[in-house]
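Below is the file work-v2.cif, which contains mmCIF, C-alpha atoms and all ligand atoms.
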```
data_input
loop_
_atom_site.label_atom_id
_atom_site.label_comp_id
_atom_site.auth_asym_id
_atom_site.auth_seq_id
_atom_site.Cartn_x
_atom_site.Cartn_y
_atom_site.Cartn_z
CA MET X 1 108.18 -210.13 63.07
CA PRO X 2 108.31 -213.63 61.52
CA SER X 3 111.69 -215.32 61.82
CA LEU X 4 114.09 -214.90 58.90
CA SER X 5 116.11 -217.56 57.15
CA GLN X 6 119.53 -218.56 58.48
CA ARG X 7 121.10 -217.61 55.18
CA LEU X 8 120.14 -213.99 55.74
CA GLY X 9 121.96 -214.08 59.05
CA LYS X 10 125.12 -215.23 57.25
CA LEU X 11 125.13 -212.28 54.85
CA ALA X 12 127.57 -209.43 55.45
CA PRO X 13 126.06 -206.07 54.45
CA TYR X 14 126.57 -205.65 50.66
CA PRO X 15 129.59 -203.27 50.58
CA PHE X 16 128.08 -200.62 48.32
CA VAL X 17 124.79 -200.40 50.19
CA GLU X 18 126.75 -199.29 53.27
CA ILE X 19 129.00 -196.95 51.27
CA SER X 20 125.97 -195.31 49.56
CA ARG X 21 124.44 -194.70 52.98
CA ILE X 22 127.58 -193.00 54.28
CA ILE X 23 127.88 -190.83 51.14
CA ALA X 24 124.23 -189.76 51.44
CA GLU X 25 124.77 -188.86 55.11
CA LYS X 26 127.91 -186.83 54.34
CA ARG X 27 126.28 -185.01 51.44
CA ALA X 28 123.23 -184.20 53.55
CA ALA X 29 125.64 -182.60 56.02
CA GLY X 30 127.01 -180.41 53.20
CA ALA X 31 130.25 -182.29 52.39
CA ASP X 32 131.65 -182.20 48.84
CA VAL X 33 132.24 -185.92 48.55
CA VAL X 34 134.36 -187.31 45.69
CA THR X 35 133.69 -190.98 45.15
CA PHE X 36 136.10 -193.56 43.82
CA GLY X 37 133.73 -196.21 45.22
CA ILE X 38 131.43 -198.33 43.05
CA GLY X 39 132.38 -199.31 39.47
CA ASP X 40 129.44 -197.71 37.71
CA PRO X 41 130.32 -195.87 34.47
CA ASP X 42 129.46 -192.17 34.60
CA ILE X 43 129.66 -191.98 30.78
CA PRO X 44 126.18 -192.09 29.18
CA THR X 45 124.93 -195.05 27.13
CA PRO X 46 125.69 -194.38 23.42
CA GLN X 47 122.89 -192.40 21.72
CA PRO X 48 122.08 -195.00 18.97
CA VAL X 49 121.52 -197.54 21.73
CA ILE X 50 119.15 -195.20 23.57
CA ASP X 51 117.36 -194.38 20.31
CA ARG X 52 116.74 -198.06 19.71
CA LEU X 53 115.26 -198.38 23.21
CA LEU X 54 112.94 -195.44 22.56
CA THR X 55 111.65 -197.05 19.36
CA ALA X 56 111.45 -200.49 20.93
CA SER X 57 109.45 -199.15 23.85
CA GLN X 58 106.66 -198.13 21.42
CA ASP X 59 106.23 -201.65 20.10
CA PRO X 60 103.34 -203.41 21.92
CA PRO X 61 104.82 -206.96 21.75
CA ASN X 62 107.67 -205.54 23.86
CA HIS X 63 105.16 -204.66 26.57
CA ARG X 64 104.58 -208.33 27.30
CA TYR X 65 106.56 -211.02 29.11
CA PRO X 66 109.85 -211.87 27.41
CA GLU X 67 110.99 -215.47 26.96
CA THR X 68 113.57 -216.59 29.53
CA ASP X 69 116.04 -217.47 26.77
CA GLY X 70 115.51 -214.12 25.04
CA LEU X 71 114.68 -213.23 21.46
CA PRO X 72 116.38 -215.43 18.85
CA GLU X 73 117.84 -212.22 17.35
CA MET X 74 119.30 -211.37 20.76
CA ARG X 75 121.06 -214.72 21.03
CA ARG X 76 122.31 -214.32 17.47
CA ALA X 77 123.65 -210.85 18.31
CA ILE X 78 125.63 -212.33 21.23
CA ALA X 79 127.03 -215.11 19.01
CA HIS X 80 127.89 -212.50 16.36
CA TRP X 81 129.73 -210.37 18.95
CA TYR X 82 131.75 -213.37 20.14
CA LYS X 83 132.67 -214.19 16.54
CA GLN X 84 133.70 -210.60 15.75
CA ARG X 85 135.58 -210.01 18.96
CA PHE X 86 137.14 -213.41 19.75
CA ASP X 87 136.63 -215.47 16.59
CA VAL X 88 134.66 -217.97 18.68
CA ASP X 89 131.78 -219.89 17.12
CA LEU X 90 128.71 -220.32 19.30
CA ASN X 91 125.40 -221.93 18.51
CA PRO X 92 122.94 -219.13 19.35
CA ASP X 93 120.18 -221.62 20.20
CA THR X 94 122.10 -223.86 22.58
CA GLU X 95 125.30 -222.13 23.72
CA VAL X 96 124.06 -218.62 24.53
CA LEU X 97 121.79 -217.25 27.25
CA PRO X 98 120.91 -213.57 27.87
CA LEU X 99 120.99 -212.54 31.54
CA ILE X 100 119.49 -209.71 33.57
CA GLY X 101 123.05 -208.51 34.09
CA ALA X 102 125.99 -210.83 34.75
CA LYS X 103 125.28 -210.58 38.50
CA GLU X 104 121.96 -212.36 38.11
CA GLY X 105 123.50 -215.20 36.10
CA ILE X 106 126.45 -215.55 38.48
CA GLY X 107 124.14 -215.78 41.48
CA HIS X 108 121.81 -218.28 39.82
CA ALA X 109 124.65 -220.41 38.41
CA ALA X 110 125.33 -221.69 41.93
CA PHE X 111 121.92 -223.43 41.91
CA CYS X 112 122.86 -225.30 38.72
CA PHE X 113 125.96 -226.99 40.02
CA LEU X 114 125.91 -226.98 43.81
CA ASP X 115 123.93 -228.96 46.37
CA PRO X 116 124.15 -228.59 50.13
CA GLY X 117 127.53 -229.85 51.32
CA ASP X 118 129.24 -229.40 47.94
CA VAL X 119 132.34 -227.27 47.52
CA ALA X 120 132.97 -224.29 45.23
CA LEU X 121 136.50 -223.03 44.60
CA VAL X 122 136.21 -219.28 45.07
CA PRO X 123 138.98 -216.69 44.72
CA ASP X 124 139.67 -214.16 47.48
CA PRO X 125 139.68 -211.18 47.10
CA ALA X 126 136.76 -211.33 44.68
CA TYR X 127 133.47 -209.93 43.52
CA PRO X 128 131.27 -211.05 46.45
CA VAL X 129 128.53 -212.79 44.44
CA TYR X 130 130.52 -216.02 43.80
CA ALA X 131 130.68 -216.79 47.54
CA VAL X 132 127.19 -215.49 48.27
CA GLY X 133 125.63 -217.62 45.51
CA THR X 134 127.52 -220.62 46.90
CA MET X 135 126.18 -219.94 50.39
CA PHE X 136 122.61 -219.48 49.07
CA ALA X 137 122.89 -222.92 47.44
CA GLY X 138 123.88 -224.40 50.83
CA ALA X 139 127.39 -225.22 49.63
CA GLU X 140 130.78 -224.29 51.03
CA SER X 141 133.37 -221.97 49.51
CA TYR X 142 136.95 -223.21 49.50
CA VAL X 143 138.97 -220.02 49.37
CA MET X 144 141.67 -219.76 46.70
CA PRO X 145 143.84 -216.88 47.99
CA LEU X 146 145.05 -214.43 45.36
CA HIS X 147 148.44 -212.91 46.14
CA GLN X 148 150.43 -210.22 44.42
CA ARG X 149 153.44 -212.56 44.25
CA ASN X 150 151.41 -214.89 41.99
CA GLY X 151 150.09 -212.07 39.81
CA TRP X 152 146.76 -212.33 41.67
CA LEU X 153 146.18 -215.77 40.15
CA PRO X 154 145.16 -218.79 42.26
CA ASP X 155 147.77 -221.41 43.06
CA LEU X 156 145.97 -224.52 41.84
CA ASP X 157 148.70 -226.83 43.18
CA ALA X 158 147.90 -225.59 46.69
CA ILE X 159 144.35 -226.96 46.56
CA PRO X 160 144.32 -230.24 48.54
CA GLU X 161 143.41 -233.26 46.43
CA ASP X 162 140.39 -234.17 48.60
CA VAL X 163 139.01 -230.63 48.16
CA ALA X 164 139.53 -230.85 44.41
CA ARG X 165 137.64 -234.16 44.36
CA GLN X 166 134.69 -232.63 46.23
CA ALA X 167 134.63 -229.38 44.24
CA LYS X 168 131.85 -228.88 41.71
CA VAL X 169 132.63 -225.34 40.59
CA MET X 170 135.61 -223.04 40.13
CA TRP X 171 135.07 -219.30 39.78
CA LEU X 172 137.63 -217.08 38.05
CA ASN X 173 137.40 -213.46 36.95
CA TYR X 174 139.90 -211.79 34.60
CA PRO X 175 140.44 -208.92 34.05
CA ASN X 176 139.94 -208.98 37.76
CA ASN X 177 137.80 -207.02 40.14
CA PRO X 178 139.14 -205.79 42.57
CA THR X 179 142.86 -206.33 41.85
CA SER X 180 142.73 -205.30 38.14
CA ALA X 181 145.05 -208.24 37.35
CA VAL X 182 144.89 -209.91 33.96
CA ALA X 183 145.28 -213.60 33.09
CA SER X 184 147.09 -214.92 30.03
CA GLN X 185 145.46 -217.52 27.82
CA GLU X 186 147.95 -220.02 29.31
CA ASP X 187 146.70 -219.17 32.81
CA LEU X 188 143.11 -219.76 31.76
CA GLU X 189 144.15 -222.91 29.94
CA SER X 190 145.75 -224.43 33.04
CA ALA X 191 142.66 -223.62 35.09
CA LEU X 192 140.50 -225.27 32.43
CA ARG X 193 142.76 -228.33 32.35
CA TYR X 194 142.50 -228.58 36.13
CA CYS X 195 138.71 -228.39 35.97
CA ARG X 196 138.48 -230.97 33.21
CA GLU X 197 140.74 -233.36 35.15
CA HIS X 198 138.63 -232.98 38.27
CA ASP X 199 135.24 -232.76 36.58
CA ILE X 200 134.63 -229.24 37.87
CA ALA X 201 132.42 -226.61 36.18
CA MET X 202 134.75 -223.77 35.16
CA LEU X 203 132.87 -220.48 35.45
CA HIS X 204 134.74 -217.48 34.10
CA ASP X 205 133.47 -213.98 34.70
CA ALA X 206 134.75 -211.72 31.92
CA ALA X 207 132.75 -208.60 32.75
CA TYR X 208 135.80 -206.34 32.19
CA SER X 209 137.15 -207.88 28.99
CA GLU X 210 136.60 -204.68 27.01
CA VAL X 211 138.45 -202.30 29.30
CA GLY X 212 142.16 -202.74 28.54
CA TYR X 213 144.92 -200.11 28.60
CA ASP X 214 148.04 -199.40 26.55
CA GLY X 215 146.76 -201.66 23.77
CA TYR X 216 145.99 -204.65 26.03
CA ARG X 217 142.94 -206.65 24.87
CA ALA X 218 141.79 -209.55 27.01
CA GLY X 219 141.13 -212.94 25.44
CA SER X 220 138.11 -215.15 26.04
CA MET X 221 138.22 -218.49 27.83
CA MET X 222 136.02 -219.78 25.00
CA GLN X 223 138.97 -219.43 22.58
CA ILE X 224 140.71 -222.30 24.36
CA ASP X 225 140.30 -225.83 23.03
CA GLY X 226 138.04 -227.87 25.28
CA ALA X 227 136.48 -224.81 26.97
CA LYS X 228 133.03 -225.93 25.91
CA GLU X 229 133.48 -229.27 27.71
CA VAL X 230 133.25 -227.82 31.22
CA GLY X 231 133.06 -224.06 30.83
CA LEU X 232 130.70 -221.12 30.94
CA GLU X 233 131.80 -217.53 30.44
CA PHE X 234 129.82 -214.64 31.86
CA HIS X 235 129.77 -211.24 30.22
CA SER X 236 128.09 -207.96 30.82
CA LEU X 237 127.06 -205.00 28.71
CA SER X 238 127.32 -202.85 31.84
CA LYS X 239 130.91 -201.69 31.62
CA THR X 240 131.45 -202.24 27.89
CA TYR X 241 128.59 -200.02 26.71
CA ASN X 242 127.92 -197.93 29.86
CA MET X 243 124.72 -199.84 30.48
CA THR X 244 124.71 -200.65 34.20
CA GLY X 245 121.26 -199.11 34.50
CA TRP X 246 119.61 -201.28 31.85
CA ARG X 247 120.65 -204.73 33.13
CA MET X 248 121.93 -206.94 30.36
CA GLY X 249 124.55 -209.66 30.40
CA MET X 250 125.09 -213.09 28.93
CA ALA X 251 126.40 -216.57 29.63
CA VAL X 252 127.94 -218.63 26.83
CA GLY X 253 129.53 -222.06 26.64
CA ASN X 254 128.68 -225.70 27.29
CA ALA X 255 125.16 -226.41 25.99
CA ASP X 256 124.10 -228.59 28.95
CA MET X 257 125.31 -225.98 31.41
CA ILE X 258 123.47 -223.24 29.50
CA LYS X 259 120.33 -225.40 29.61
CA ALA X 260 120.72 -225.84 33.37
CA LEU X 261 120.98 -222.09 33.88
CA PHE X 262 117.97 -221.60 31.63
CA GLN X 263 115.97 -224.05 33.78
CA ILE X 264 116.85 -222.25 37.00
CA LYS X 265 116.06 -218.87 35.48
CA ALA X 266 112.80 -220.04 33.93
CA ASN X 267 111.59 -220.84 37.43
CA LEU X 268 112.77 -217.61 39.03
CA ASP X 269 112.64 -214.81 36.47
CA SER X 270 111.07 -214.09 33.12
CA GLY X 271 114.14 -212.93 31.26
CA VAL X 272 115.30 -209.53 30.04
CA PRO X 273 112.59 -207.02 29.01
CA GLN X 274 112.44 -207.10 25.21
CA ALA X 275 113.01 -203.39 24.69
CA ILE X 276 116.23 -203.79 26.69
CA GLN X 277 117.12 -206.75 24.49
CA GLU X 278 116.61 -204.60 21.41
CA MET X 279 118.89 -201.86 22.69
CA SER X 280 121.44 -204.51 23.63
CA MET X 281 121.37 -205.91 20.08
CA GLU X 282 122.12 -202.41 18.85
CA ALA X 283 125.03 -202.15 21.30
CA LEU X 284 126.51 -205.53 20.29
CA THR X 285 126.06 -205.26 16.53
CA GLY X 286 126.24 -201.48 15.91
CA PRO X 287 129.31 -199.21 15.81
CA GLN X 288 131.81 -200.17 18.52
CA ASP X 289 133.60 -196.81 18.80
CA CYS X 290 132.31 -196.17 22.34
CA ILE X 291 134.67 -198.92 23.55
CA GLU X 292 137.80 -197.08 22.39
CA ASP X 293 136.35 -193.76 23.60
CA ASN X 294 135.74 -195.26 27.05
CA ILE X 295 139.24 -196.69 27.21
CA GLY X 296 140.70 -193.26 26.34
CA THR X 297 138.71 -191.66 29.16
CA TYR X 298 139.55 -194.32 31.73
CA GLN X 299 143.21 -194.37 30.74
CA TRP X 300 143.52 -190.62 31.42
CA ARG X 301 141.86 -191.11 34.81
CA ARG X 302 144.01 -194.15 35.58
CA ASP X 303 147.17 -192.16 34.94
CA ARG X 304 145.92 -189.18 36.93
CA VAL X 305 144.99 -191.30 39.96
CA LEU X 306 148.25 -193.26 39.77
CA ARG X 307 150.16 -189.96 39.82
CA ALA X 308 148.24 -188.80 42.88
CA LEU X 309 148.75 -192.08 44.74
CA THR X 310 152.46 -192.12 43.92
CA ARG X 311 152.77 -188.54 45.20
CA MET X 312 151.12 -189.73 48.42
CA GLY X 313 153.93 -192.25 48.73
CA LEU X 314 151.88 -195.36 47.89
CA ASN X 315 153.52 -198.00 45.74
CA VAL X 316 150.87 -198.92 43.17
CA GLU X 317 150.99 -201.33 40.23
CA THR X 318 149.80 -199.89 36.90
CA PRO X 319 146.63 -201.73 35.86
CA ARG X 320 146.50 -203.14 32.34
CA ALA X 321 142.73 -203.57 32.46
CA SER X 322 139.49 -203.10 34.44
CA LEU X 323 138.03 -199.96 35.97
CA TYR X 324 140.05 -200.17 39.18
CA ILE X 325 143.25 -199.25 40.89
CA TRP X 326 144.27 -201.58 43.70
CA ALA X 327 146.53 -199.73 46.09
CA PRO X 328 148.32 -200.97 49.22
CA VAL X 329 147.53 -198.92 52.34
CA PRO X 330 150.35 -197.33 54.35
CA GLU X 331 151.94 -199.31 57.14
CA GLY X 332 149.96 -199.49 60.36
CA PHE X 333 146.53 -199.06 58.76
CA THR X 334 143.91 -201.67 57.99
CA SER X 335 141.97 -201.23 54.73
CA ALA X 336 138.88 -200.13 56.61
CA ASP X 337 140.80 -197.65 58.83
CA PHE X 338 142.51 -196.05 55.87
CA ALA X 339 139.26 -195.79 53.88
CA ALA X 340 137.57 -194.28 56.94
CA ARG X 341 140.32 -191.66 57.37
CA LEU X 342 140.06 -190.65 53.69
CA LEU X 343 136.35 -190.13 54.13
CA GLU X 344 136.56 -188.34 57.47
CA GLU X 345 139.43 -186.03 56.61
CA ILE X 346 139.15 -185.24 52.88
CA ASP X 347 135.68 -186.53 51.88
CA ILE X 348 137.09 -189.15 49.52
CA VAL X 349 135.31 -192.49 49.11
CA VAL X 350 137.29 -195.62 48.29
CA THR X 351 136.39 -199.26 48.91
CA PRO X 352 138.35 -201.14 51.59
CA GLY X 353 140.00 -204.21 50.05
CA SER X 354 138.71 -206.28 52.97
CA SER X 355 135.16 -205.93 51.53
CA TYR X 356 136.32 -208.40 48.88
CA GLY X 357 137.56 -211.01 51.35
CA GLN X 358 140.27 -211.59 53.93
CA TYR X 359 143.06 -211.52 51.32
CA GLY X 360 141.97 -208.05 50.24
CA GLU X 361 143.10 -206.74 53.63
CA GLY X 362 145.91 -204.20 53.28
CA TYR X 363 144.53 -202.67 50.08
CA ILE X 364 141.97 -200.13 48.91
CA ARG X 365 140.20 -200.12 45.57
CA LEU X 366 139.65 -196.92 43.61
CA SER X 367 137.14 -196.94 40.77
CA LEU X 368 137.69 -194.76 37.70
CA THR X 369 134.00 -194.20 36.99
CA THR X 370 133.88 -190.62 38.22
CA PRO X 371 133.78 -187.62 35.83
CA ASP X 372 137.20 -186.19 34.89
CA GLU X 373 136.79 -182.93 36.80
CA ARG X 374 135.81 -184.83 39.97
CA VAL X 375 138.78 -187.15 39.48
CA GLU X 376 140.97 -184.02 39.26
CA THR X 377 139.43 -182.56 42.44
CA GLY X 378 139.84 -185.87 44.25
CA CYS X 379 143.46 -186.26 43.12
CA GLN X 380 144.36 -182.74 44.26
CA ARG X 381 142.94 -183.55 47.69
CA LEU X 382 144.85 -186.81 47.85
CA GLU X 383 148.14 -185.18 46.83
CA SER X 384 147.92 -182.37 49.35
CA TRP X 385 146.84 -184.60 52.23
CA THR X 386 149.35 -185.52 54.88
CA ILE X 387 148.68 -189.12 55.80
CA PRO X 388 147.91 -189.11 59.53
CA ALA X 389 149.39 -191.52 62.03
CA PRO X 390 147.28 -194.67 62.40
CA ARG X 391 145.03 -194.61 65.48
CA ALA X 392 146.33 -196.74 68.28
C1 LIG B 401 133.52 -208.99 38.35
C2 LIG B 401 132.13 -208.54 38.10
N1 LIG B 401 131.25 -209.38 37.54
C3 LIG B 401 129.98 -209.01 37.32
C4 LIG B 401 129.53 -207.75 37.65
C5 LIG B 401 128.08 -207.40 37.45
O1 LIG B 401 127.79 -207.03 36.16
P1 LIG B 401 126.30 -206.68 35.74
O2 LIG B 401 126.14 -205.22 35.86
O3 LIG B 401 126.20 -207.17 34.33
O4 LIG B 401 125.37 -207.43 36.64
C6 LIG B 401 130.40 -206.85 38.24
C7 LIG B 401 129.92 -205.52 38.62
O5 LIG B 401 130.57 -204.70 39.20
C8 LIG B 401 131.72 -207.25 38.48
O6 LIG B 401 132.61 -206.42 39.05
#
```

Once more with this new file: its structure as structure tokens, please.
Ligand SMILES: Cc1ncc(COP(=O)(O)O)c(C=O)c1O
Amino acid sequence: MPSLSQRLGKLAPYPFVEISRIIAEKRAAGADVVTFGIGDPDIPTPQPVIDRLLTASQDPPNHRYPETDGLPEMRRAIAHWYKQRFDVDLNPDTEVLPLIGAKEGIGHAAFCFLDPGDVALVPDPAYPVYAVGTMFAGAESYVMPLHQRNGWLPDLDAIPEDVARQAKVMWLNYPNNPTSAVASQEDLESALRYCREHDIAMLHDAAYSEVGYDGYRAGSMMQIDGAKEVGLEFHSLSKTYNMTGWRMGMAVGNADMIKALFQIKANLDSGVPQAIQEMSMEALTGPQDCIEDNIGTYQWRRDRVLRALTRMGLNVETPRASLYIWAPVPEGFTSADFAARLLEEIDIVVTPGSSYGQYGEGYIRLSLTTPDERVETGCQRLESWTIPAPRA
């Protein structure tokens, strides 16, 4: 076996690869597993979007390599969506880049701004790709702890001045995975101001902007004056249009930063398959009713799961957005122990908060992307379960 790179040795197992393996093992042994694990919408992609893919797949030009920066119509559809949704003007030729899912763009963005020895300001707990991309680029993550007492927002004043001077990138993600916290426009504005003062690239991941409850609708960082000076915002069609399986996202913002990401991508991938771009254009510019329908479904599930967790005696905040419930574990348990006991004793899968970083310890994350009847089954199991004593 040839030797492998050091960076591979630094990688923790990707949380959902391990969880999928355990679920498969349990199911093979005959268990009726209910999963509140990965955030992967169970609701099908809207039919008009699928129809467009079927037509697009018959068109021979779509059988060939796409351009890295996508079809001009695709970039225009993204700019149109931003205008409709946020009243933000974007130049589709310079300020917009289609991605093979937000994850791809987030991972590759590290190569645009970070050299070995540089510093990235990375929240914790967080979607793991910000820190992994940083490590792949040979740079260091400076952890910005997120605490409940601060509304799961970073305390920018706590970042030492010498770290701020070295930092090249700040990652933020609101509505947040895994905590489901939201940020106000003022919160995003102070982060942007901080980044402008310190000449830091502000990278905002807004993958959950379209899942808001009780009338909450997230804003965009691009609505803030000066955002285009240092900022990129990442979006995804995955959760908004139930399209995790098709792989489509976008980055928008500062034209030089978009160009940098384009250059990295042009050397590593060949863009989004054109038939997928066509279906994505349909999603972004066609009827938007699936968004409200999704929210209705998730809101019912959110309320059902909150009821079950409250009946278990857990003290859970009501999320205003995202696909997740972030619940503190009972005293005496670690996140991983509690998740393991749920799986062992009642065949329920949740994600330990510690998979999202050291400051996720003490919590579990439950995803609402499981069909209603399975949510009901899972909730009944949770409610009738007597929480065991922690193992010594
Ligand atoms: C915060 C966050 N950003 C990005 C993504 C990835 O989105 P995509 O499916 O577009 O790659 C996820 C997926 O779970 C996520 O939670």

| task | Could you give me, as a list of chain:residue names, the residues that sit within 12 Å of (126.9, -191.2, 53.9) in the file's coordinates, counting all atoms listed in the file? | result |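 Residues with an atom close enough to that point: X:Phe16, X:Val17, X:Glu18, X:Ile19, X:Ser20, X:Arg21, X:Ile22, X:Ile23, X:Ala24, X:Glu25, X:Lys26, X:Arg27, X:Ala28, X:Ala29, X:Gly30, X:Ala31, X:Asp32, X:Val33, X:Val34, X:Thr35, X:Ala340, X:Leu343, X:Glu344, X:Asp347, X:Ile348, X:Val349.
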
| From the list X:Gln380, X:Thr334, X:Ser220, X:Asn177, which residue is nearest ligand LIG 401 (chain B) when using all atoms listed in the file? | X:Asn177

| query | Smallest atom-to-atom distance to Leu97 of chain X: which of X:Ala251, X:Leu11, X:Met312, X:Ala392, using all atoms listed in the file? | reply |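 Checking each of X:Ala251, X:Leu11, X:Met312, X:Ala392 against Leu97 of chain X, counting all atoms listed in the file, the winner is X:Ala251.
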
| query | What is the distance, in Å and to one decimal place, between atom CA of Phe234 of chain X and atom CA of Gly249 of chain X? | reply | 7.4 Å

| task | For ligand LIG 401 (chain B), collect every residue having any atom at a distance of at most 9 Å from a ligand atom (counting only C-alpha atoms and all ligand atoms); output as a ChimeraX atom specification. | result | /X:38-40,99-106,126-129,173-178,205-208,234-239,243-250,322-323

Only C-alpha atoms, please: the residues just picked out, written as a PDB file, keeping the file's coordinate frame.
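See selection_33.pdb below for the written result:
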```pdb
ATOM      1  CA  ILE X  38     131.430-198.330  43.050  1.00  0.00           C
ATOM      2  CA  GLY X  39     132.380-199.310  39.470  1.00  0.00           C
ATOM      3  CA  ASP X  40     129.440-197.710  37.710  1.00  0.00           C
ATOM      4  CA  LEU X  99     120.990-212.540  31.540  1.00  0.00           C
ATOM      5  CA  ILE X 100     119.490-209.710  33.570  1.00  0.00           C
ATOM      6  CA  GLY X 101     123.050-208.510  34.090  1.00  0.00           C
ATOM      7  CA  ALA X 102     125.990-210.830  34.750  1.00  0.00           C
ATOM      8  CA  LYS X 103     125.280-210.580  38.500  1.00  0.00           C
ATOM      9  CA  GLU X 104     121.960-212.360  38.110  1.00  0.00           C
ATOM     10  CA  GLY X 105     123.500-215.200  36.100  1.00  0.00           C
ATOM     11  CA  ILE X 106     126.450-215.550  38.480  1.00  0.00           C
ATOM     12  CA  ALA X 126     136.760-211.330  44.680  1.00  0.00           C
ATOM     13  CA  TYR X 127     133.470-209.930  43.520  1.00  0.00           C
ATOM     14  CA  PRO X 128     131.270-211.050  46.450  1.00  0.00           C
ATOM     15  CA  VAL X 129     128.530-212.790  44.440  1.00  0.00           C
ATOM     16  CA  ASN X 173     137.400-213.460  36.950  1.00  0.00           C
ATOM     17  CA  TYR X 174     139.900-211.790  34.600  1.00  0.00           C
ATOM     18  CA  PRO X 175     140.440-208.920  34.050  1.00  0.00           C
ATOM     19  CA  ASN X 176     139.940-208.980  37.760  1.00  0.00           C
ATOM     20  CA  ASN X 177     137.800-207.020  40.140  1.00  0.00           C
ATOM     21  CA  PRO X 178     139.140-205.790  42.570  1.00  0.00           C
ATOM     22  CA  ASP X 205     133.470-213.980  34.700  1.00  0.00           C
ATOM     23  CA  ALA X 206     134.750-211.720  31.920  1.00  0.00           C
ATOM     24  CA  ALA X 207     132.750-208.600  32.750  1.00  0.00           C
ATOM     25  CA  TYR X 208     135.800-206.340  32.190  1.00  0.00           C
ATOM     26  CA  PHE X 234     129.820-214.640  31.860  1.00  0.00           C
ATOM     27  CA  HIS X 235     129.770-211.240  30.220  1.00  0.00           C
ATOM     28  CA  SER X 236     128.090-207.960  30.820  1.00  0.00           C
ATOM     29  CA  LEU X 237     127.060-205.000  28.710  1.00  0.00           C
ATOM     30  CA  SER X 238     127.320-202.850  31.840  1.00  0.00           C
ATOM     31  CA  LYS X 239     130.910-201.690  31.620  1.00  0.00           C
ATOM     32  CA  MET X 243     124.720-199.840  30.480  1.00  0.00           C
ATOM     33  CA  THR X 244     124.710-200.650  34.200  1.00  0.00           C
ATOM     34  CA  GLY X 245     121.260-199.110  34.500  1.00  0.00           C
ATOM     35  CA  TRP X 246     119.610-201.280  31.850  1.00  0.00           C
ATOM     36  CA  ARG X 247     120.650-204.730  33.130  1.00  0.00           C
ATOM     37  CA  MET X 248     121.930-206.940  30.360  1.00  0.00           C
ATOM     38  CA  GLY X 249     124.550-209.660  30.400  1.00  0.00           C
ATOM     39  CA  MET X 250     125.090-213.090  28.930  1.00  0.00           C
ATOM     40  CA  SER X 322     139.490-203.100  34.440  1.00  0.00           C
ATOM     41  CA  LEU X 323     138.030-199.960  35.970  1.00  0.00           C
TER      42      LEU X 323
END
```

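For the atom pair formed by atom CA of Cys379 of chain X and atom CA of Gln358 of chain X, the distance is 27.7 Å, given to one decimal.
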
| request: For Ile276 of chain X, please output as number ranges by chain all residues within 9 Å (counting all atoms listed in the file; exclusion window: fewer than 2 positions along the same chain). | output: X: 53, 56-57, 246-248, 272-274, 278-281

| query | Quick one: residues within 7 Å of segment 145-160 of chain X, all atoms listed in the file counted, chain neighbours fewer than 4 positions away excluded, as a ChimeraX atom specification? | reply | /X:123-125,164,181,359
